[in-house]
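K.L.:
To be precise about what I am sending: the file is called my_file_6.pdb and holds PDB, C-alpha atoms and all ligand atoms.
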ATOM      1  CA  MET F   1     131.484 -70.904 197.478
ATOM      2  CA  MET F   2     128.280 -69.632 199.053
ATOM      3  CA  THR F   3     127.237 -66.444 197.333
ATOM      4  CA  ARG F   4     124.364 -65.419 199.628
ATOM      5  CA  PRO F   5     124.824 -67.241 202.922
ATOM      6  CA  LEU F   6     121.822 -67.778 205.197
ATOM      7  CA  ILE F   7     122.348 -65.793 208.378
ATOM      8  CA  GLY F   8     120.007 -65.952 211.364
ATOM      9  CA  VAL F   9     119.232 -63.138 213.771
ATOM     10  CA  LEU F  10     118.312 -64.350 217.238
ATOM     11  CA  ALA F  11     114.761 -62.992 217.437
ATOM     12  CA  LEU F  12     113.774 -63.320 221.083
ATOM     13  CA  GLN F  13     114.144 -59.644 221.994
ATOM     14  CA  GLY F  14     116.031 -56.552 220.900
ATOM     15  CA  ASP F  15     116.729 -54.759 217.613
ATOM     16  CA  VAL F  16     116.127 -57.720 215.308
ATOM     17  CA  ARG F  17     114.675 -55.866 212.307
ATOM     18  CA  GLU F  18     117.638 -53.518 211.969
ATOM     19  CA  HIS F  19     120.058 -56.460 211.799
ATOM     20  CA  LEU F  20     117.895 -58.314 209.253
ATOM     21  CA  ALA F  21     117.959 -55.199 207.038
ATOM     22  CA  ALA F  22     121.710 -54.677 207.489
ATOM     23  CA  LEU F  23     122.453 -58.323 206.599
ATOM     24  CA  ASP F  24     120.202 -58.180 203.574
ATOM     25  CA  ASP F  25     122.041 -55.045 202.379
ATOM     26  CA  SER F  26     125.354 -56.845 203.000
ATOM     27  CA  GLY F  27     124.686 -59.760 200.681
ATOM     28  CA  ALA F  28     123.136 -62.371 202.969
ATOM     29  CA  ASP F  29     119.723 -63.984 203.188
ATOM     30  CA  ALA F  30     118.605 -63.061 206.692
ATOM     31  CA  VAL F  31     116.030 -64.868 208.852
ATOM     32  CA  GLY F  32     114.809 -64.528 212.418
ATOM     33  CA  VAL F  33     115.667 -67.485 214.666
ATOM     34  CA  ARG F  34     113.317 -68.467 217.486
ATOM     35  CA  ARG F  35     113.384 -72.260 217.338
ATOM     36  CA  PRO F  36     116.111 -74.924 217.392
ATOM     37  CA  GLU F  37     115.028 -76.122 213.895
ATOM     38  CA  GLU F  38     115.637 -72.626 212.548
ATOM     39  CA  LEU F  39     119.038 -72.480 214.210
ATOM     40  CA  ASP F  40     120.004 -75.795 212.554
ATOM     41  CA  LYS F  41     119.697 -74.256 209.067
ATOM     42  CA  VAL F  42     121.763 -71.076 209.347
ATOM     43  CA  ASP F  43     125.383 -70.537 208.230
ATOM     44  CA  GLY F  44     125.915 -67.802 210.837
ATOM     45  CA  ILE F  45     124.062 -66.076 213.656
ATOM     46  CA  VAL F  46     123.700 -62.476 214.838
ATOM     47  CA  ILE F  47     122.825 -61.802 218.478
ATOM     48  CA  PRO F  48     121.306 -58.318 218.636
ATOM     49  CA  GLY F  49     121.342 -55.643 221.289
ATOM     50  CA  GLY F  50     118.596 -55.545 223.882
ATOM     51  CA  GLU F  51     118.846 -56.716 227.469
ATOM     52  CA  SER F  52     121.304 -59.556 228.004
ATOM     53  CA  THR F  53     119.685 -60.874 231.203
ATOM     54  CA  THR F  54     116.271 -61.013 229.512
ATOM     55  CA  MET F  55     117.750 -62.699 226.434
ATOM     56  CA  SER F  56     119.518 -65.194 228.673
ATOM     57  CA  ARG F  57     116.180 -66.092 230.274
ATOM     58  CA  LEU F  58     114.385 -66.291 226.907
ATOM     59  CA  LEU F  59     117.134 -68.534 225.474
ATOM     60  CA  GLN F  60     116.240 -71.019 228.184
ATOM     61  CA  VAL F  61     112.463 -70.599 227.782
ATOM     62  CA  PHE F  62     112.734 -71.152 224.001
ATOM     63  CA  GLU F  63     115.095 -74.121 224.544
ATOM     64  CA  LEU F  64     117.774 -72.478 222.447
ATOM     65  CA  LEU F  65     120.552 -72.113 225.018
ATOM     66  CA  ASP F  66     122.062 -75.591 224.676
ATOM     67  CA  PRO F  67     121.567 -75.868 220.881
ATOM     68  CA  LEU F  68     123.213 -72.455 220.416
ATOM     69  CA  ARG F  69     126.146 -73.392 222.682
ATOM     70  CA  GLU F  70     126.480 -76.621 220.709
ATOM     71  CA  ARG F  71     126.538 -74.886 217.328
ATOM     72  CA  LEU F  72     129.026 -72.277 218.536
ATOM     73  CA  ARG F  73     131.275 -75.052 219.821
ATOM     74  CA  GLY F  74     130.995 -76.589 216.347
ATOM     75  CA  GLY F  75     132.336 -73.374 214.780
ATOM     76  CA  LEU F  76     129.174 -71.488 213.785
ATOM     77  CA  PRO F  77     130.235 -67.920 212.900
ATOM     78  CA  ALA F  78     128.566 -65.383 215.169
ATOM     79  CA  TYR F  79     128.320 -61.634 215.597
ATOM     80  CA  GLY F  80     127.044 -60.053 218.807
ATOM     81  CA  SER F  81     126.340 -56.345 219.249
ATOM     82  CA  CYS F  82     125.990 -54.816 222.720
ATOM     83  CA  ALA F  83     123.821 -57.286 224.696
ATOM     84  CA  GLY F  84     124.929 -59.813 222.046
ATOM     85  CA  MET F  85     128.566 -59.128 222.976
ATOM     86  CA  ILE F  86     127.690 -59.813 226.618
ATOM     87  CA  LEU F  87     126.050 -63.125 225.693
ATOM     88  CA  LEU F  88     129.067 -64.261 223.659
ATOM     89  CA  ALA F  89     131.526 -63.623 226.528
ATOM     90  CA  SER F  90     133.158 -66.239 228.718
ATOM     91  CA  GLU F  91     132.890 -63.996 231.791
ATOM     92  CA  VAL F  92     130.483 -61.139 232.603
ATOM     93  CA  LEU F  93     130.813 -58.541 235.387
ATOM     94  CA  ASP F  94     127.894 -56.596 236.900
ATOM     95  CA  THR F  95     125.257 -59.040 235.742
ATOM     96  CA  ARG F  96     122.678 -61.139 237.592
ATOM     97  CA  PRO F  97     124.040 -64.285 239.224
ATOM     98  CA  ASP F  98     121.574 -66.459 237.284
ATOM     99  CA  ALA F  99     122.393 -64.963 233.847
ATOM    100  CA  GLU F 100     123.805 -67.455 231.350
ATOM    101  CA  HIS F 101     126.362 -66.648 228.683
ATOM    102  CA  LEU F 102     127.719 -68.591 225.762
ATOM    103  CA  GLY F 103     131.500 -68.503 226.191
ATOM    104  CA  ALA F 104     132.211 -68.154 222.461
ATOM    105  CA  ILE F 105     134.902 -65.486 223.007
ATOM    106  CA  ASP F 106     137.562 -65.751 225.713
ATOM    107  CA  MET F 107     136.940 -62.337 227.288
ATOM    108  CA  THR F 108     135.637 -60.591 230.373
ATOM    109  CA  VAL F 109     132.911 -58.036 229.652
ATOM    110  CA  ARG F 110     131.459 -55.451 232.043
ATOM    111  CA  ARG F 111     127.784 -54.589 231.565
ATOM    112  CA  ASN F 112     126.637 -50.949 231.499
ATOM    113  CA  ALA F 113     130.310 -50.095 231.843
ATOM    114  CA  PHE F 114     130.275 -46.489 230.665
ATOM    115  CA  GLY F 115     128.261 -45.405 233.696
ATOM    116  CA  ARG F 116     125.034 -43.536 234.311
ATOM    117  CA  GLN F 117     126.232 -40.083 233.235
ATOM    118  CA  VAL F 118     127.067 -41.286 229.752
ATOM    119  CA  ASP F 119     124.366 -43.894 229.193
ATOM    120  CA  SER F 120     124.410 -43.295 225.463
ATOM    121  CA  PHE F 121     126.980 -41.577 223.273
ATOM    122  CA  GLU F 122     128.522 -41.684 219.816
ATOM    123  CA  SER F 123     132.117 -41.759 218.716
ATOM    124  CA  ASP F 124     134.166 -42.283 215.544
ATOM    125  CA  LEU F 125     136.413 -45.343 215.681
ATOM    126  CA  GLU F 126     139.248 -46.876 213.747
ATOM    127  CA  PHE F 127     138.203 -50.486 213.148
ATOM    128  CA  GLU F 128     140.825 -53.126 212.329
ATOM    129  CA  GLY F 129     140.214 -54.611 208.883
ATOM    130  CA  ILE F 130     137.804 -51.869 207.770
ATOM    131  CA  ILE F 131     139.317 -49.323 205.436
ATOM    132  CA  GLY F 132     138.131 -45.825 204.588
ATOM    133  CA  ASP F 133     136.304 -43.446 206.904
ATOM    134  CA  PRO F 134     136.165 -44.258 210.617
ATOM    135  CA  ILE F 135     133.139 -46.163 211.903
ATOM    136  CA  ARG F 136     130.426 -44.118 213.625
ATOM    137  CA  ALA F 137     129.827 -46.064 216.824
ATOM    138  CA  VAL F 138     126.536 -45.649 218.709
ATOM    139  CA  PHE F 139     126.769 -46.839 222.328
ATOM    140  CA  ILE F 140     123.546 -47.475 224.279
ATOM    141  CA  ARG F 141     124.052 -48.623 227.897
ATOM    142  CA  ALA F 142     126.978 -50.464 226.415
ATOM    143  CA  PRO F 143     129.428 -52.974 227.838
ATOM    144  CA  TRP F 144     133.197 -52.796 227.385
ATOM    145  CA  VAL F 145     135.767 -55.568 227.333
ATOM    146  CA  GLU F 146     138.054 -55.679 230.382
ATOM    147  CA  ARG F 147     140.161 -58.718 229.498
ATOM    148  CA  VAL F 148     140.853 -60.666 226.317
ATOM    149  CA  GLY F 149     142.416 -64.105 226.116
ATOM    150  CA  PRO F 150     145.467 -64.839 223.939
ATOM    151  CA  GLY F 151     143.362 -65.973 220.956
ATOM    152  CA  VAL F 152     141.337 -62.777 220.832
ATOM    153  CA  GLU F 153     142.112 -59.919 218.452
ATOM    154  CA  VAL F 154     141.167 -56.360 219.459
ATOM    155  CA  LEU F 155     139.348 -54.681 216.530
ATOM    156  CA  ALA F 156     138.478 -51.296 218.047
ATOM    157  CA  GLN F 157     139.075 -49.141 221.108
ATOM    158  CA  VAL F 158     137.502 -45.919 222.324
ATOM    159  CA  PRO F 159     139.610 -43.055 220.909
ATOM    160  CA  ALA F 160     141.638 -40.674 223.090
ATOM    161  CA  ALA F 161     139.198 -37.792 222.508
ATOM    162  CA  ALA F 162     136.480 -39.670 224.395
ATOM    163  CA  GLY F 163     138.018 -38.761 227.772
ATOM    164  CA  GLU F 164     137.795 -41.188 230.678
ATOM    165  CA  ALA F 165     136.815 -44.191 228.607
ATOM    166  CA  ALA F 166     139.702 -43.718 226.151
ATOM    167  CA  GLY F 167     141.412 -46.962 225.235
ATOM    168  CA  ARG F 168     138.563 -49.214 226.342
ATOM    169  CA  ILE F 169     138.133 -52.223 224.074
ATOM    170  CA  VAL F 170     134.810 -52.123 222.206
ATOM    171  CA  ALA F 171     135.218 -54.628 219.348
ATOM    172  CA  VAL F 172     136.911 -58.032 219.261
ATOM    173  CA  ARG F 173     137.265 -61.145 217.180
ATOM    174  CA  GLN F 174     138.110 -64.735 218.028
ATOM    175  CA  GLY F 175     138.200 -66.925 214.939
ATOM    176  CA  SER F 176     134.856 -66.533 213.193
ATOM    177  CA  VAL F 177     133.129 -64.864 216.140
ATOM    178  CA  ILE F 178     133.053 -61.074 216.408
ATOM    179  CA  ALA F 179     131.492 -58.716 218.935
ATOM    180  CA  THR F 180     131.002 -54.953 219.227
ATOM    181  CA  SER F 181     129.877 -52.880 222.237
ATOM    182  CA  PHE F 182     128.077 -50.585 219.842
ATOM    183  CA  HIS F 183     125.224 -50.766 217.321
ATOM    184  CA  PRO F 184     126.330 -50.506 213.663
ATOM    185  CA  GLU F 185     122.849 -51.643 212.567
ATOM    186  CA  VAL F 186     121.391 -48.210 213.370
ATOM    187  CA  THR F 187     123.750 -46.047 211.316
ATOM    188  CA  GLY F 188     123.215 -47.203 207.729
ATOM    189  CA  ASP F 189     126.957 -47.924 207.411
ATOM    190  CA  ARG F 190     127.080 -51.621 206.488
ATOM    191  CA  ARG F 191     130.830 -52.265 206.746
ATOM    192  CA  VAL F 192     130.719 -54.217 210.028
ATOM    193  CA  HIS F 193     127.914 -56.442 208.731
ATOM    194  CA  GLU F 194     129.788 -56.883 205.440
ATOM    195  CA  MET F 195     132.832 -57.996 207.418
ATOM    196  CA  PHE F 196     130.688 -60.573 209.196
ATOM    197  CA  VAL F 197     129.069 -61.806 205.969
ATOM    198  CA  ASP F 198     132.599 -62.236 204.529
ATOM    199  CA  LEU F 199     133.582 -64.257 207.607
ATOM    200  CA  VAL F 200     130.553 -66.501 207.118
ATOM    201  CA  ARG F 201     131.412 -66.958 203.419
ATOM    202  CA  GLY F 202     135.009 -67.769 204.315
TER
HETATM  203  N1  LIG L   1     122.706 -52.821 228.961
HETATM  204  C1  LIG L   1     122.239 -53.927 228.164
HETATM  205  C2  LIG L   1     122.579 -55.263 228.801
HETATM  206  O1  LIG L   1     123.160 -55.298 229.814
HETATM  207  C3  LIG L   1     122.810 -53.869 226.779
HETATM  208  C4  LIG L   1     122.293 -52.661 226.062
HETATM  209  C5  LIG L   1     122.135 -52.832 224.591
HETATM  210  O2  LIG L   1     122.170 -53.936 224.052
HETATM  211  N2  LIG L   1     121.922 -51.738 223.919
HETATM  212  O3  LIG L   1     122.252 -56.269 228.282
END
Any chance you could put this one into structure tokens?
P.N.:
Amino acid sequence: MMTRPLIGVLALQGDVREHLAALDDSGADAVGVRRPEELDKVDGIVIPGGESTTMSRLLQVFELLDPLRERLRGGLPAYGSCAGMILLASEVLDTRPDAEHLGAIDMTVRRNAFGRQVDSFESDLEFEGIIGDPIRAVFIRAPWVERVGPGVEVLAQVPAAAGEAAGRIVAVRQGSVIATSFHPEVTGDRRVHEMFVDLVRG
């Protein structure tokens, strides 16, 4: 069994450092990934938040799009937060027509779904498979999930107290790929990253 798996953080754009720190705290060796050779070595990959259309373009510029698709098809465990969730989706609404995504989770995601009035907000969530206190979820121009395929497990939804967005799906898992609309890397609570590191070990 791998004790400290090697987990890459896609380091083209976005909140890379926060994920590296969270993974390190969660029992993984964490490295930034910018080149196909670096991608070859990792046991799992995190796709951070940022701007999904920009990351899509940079994936092509850095010649990582096809190698990443290939590794995901081969079963590489992955975790995407926010823009990373968008990139992992099989279908994306309200994006640019030329934006690429990776199709690692059978789901339809809407970008910037929570609307202009509530660009950023926080909420406490029940998260399937995580025991103890609820998870503090920080949403920043976040997507939500509008459709999940039959193989996709819903891990978290916006709670009733959040008003109009109540019930929206904000965390999912398909096999060894997970995605959250929100940013656990900014809160200091490592339980989502620990869940991912466990998935990679498994
Ligand atoms: N709105 C961004 C996008 O569409 C995602 C925001 C984020 O990652 N915090 O890619």
K.L.:
Find the nearest atom pair between each residue of stretch 140-168 of chain F and stretch 91-107 of chain F for residues within 9 Å, count all atoms listed in the file, give distances in Å to one decimal, sort rows by chain and ascending number, and present the table as a tab-separated table.
P.N.:
residue	atom	partner	partner_atom	distance
F:Val145	CA	F:Met107	CA	6.9
F:Glu146	CA	F:Met107	CA	7.4
F:Arg147	CA	F:Met107	CA	5.3
F:Val148	CA	F:Met107	CA	4.4
F:Gly149	CA	F:Asp106	CA	5.1
F:Pro150	CA	F:Asp106	CA	8.2
F:Gly151	CA	F:Asp106	CA	7.5
F:Val152	CA	F:Asp106	CA	6.8
K.L.:
Got a sec: who's within 12 Å of F:Glu51, counting all atoms listed in the file, leaving out chain neighbours fewer than 5 positions off, as number ranges by chain?
P.N.:
F: 12-15, 56-58, 81-87, 95-96, 99, 111-112, 140-143
K.L.:
Got a sec: who's within 7 Å of stretch 164-175 of chain F, counting all atoms listed in the file, leaving out chain neighbours fewer than 5 positions off, as an mmCIF file with C-alpha atoms, in the frame of the given file?
P.N.:
data_model
loop_
_atom_site.group_PDB
_atom_site.id
_atom_site.type_symbol
_atom_site.label_atom_id
_atom_site.label_comp_id
_atom_site.auth_asym_id
_atom_site.auth_seq_id
_atom_site.Cartn_x
_atom_site.Cartn_y
_atom_site.Cartn_z
ATOM 1 C CA ILE F 105 134.902 -65.486 223.007
ATOM 2 C CA TRP F 144 133.197 -52.796 227.385
ATOM 3 C CA VAL F 145 135.767 -55.568 227.333
ATOM 4 C CA GLY F 151 143.362 -65.973 220.956
ATOM 5 C CA VAL F 152 141.337 -62.777 220.832
ATOM 6 C CA GLU F 153 142.112 -59.919 218.452
ATOM 7 C CA VAL F 154 141.167 -56.360 219.459
ATOM 8 C CA LEU F 155 139.348 -54.681 216.530
ATOM 9 C CA ALA F 156 138.478 -51.296 218.047
ATOM 10 C CA GLN F 157 139.075 -49.141 221.108
ATOM 11 C CA VAL F 158 137.502 -45.919 222.324
ATOM 12 C CA PRO F 159 139.610 -43.055 220.909
ATOM 13 C CA THR F 180 131.002 -54.953 219.227
ATOM 14 C CA SER F 181 129.877 -52.880 222.237
#
K.L.:
Counting all atoms listed in the file, which residue out of F:Val200, F:Val31, F:Leu6, F:Leu72 sits closest to F:Glu18?
P.N.:
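Ranked by minimum distance to F:Glu18, first place goes to F:Val31.
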K.L.:
Just want the 10 Å neighbourhood of F:Lys41, counted on all atoms listed in the file, with same-chain residues fewer than 6 positions away dropped. Output as a PyMOL selection string.
P.N.:
chain F and resi 6-8+33
K.L.:
Using only C-alpha atoms for the distances, tell me which of F:Pro67, F:Gly50, F:Gly32, F:Pro77 is nearest to F:Gly202.
P.N.:
F:Pro77
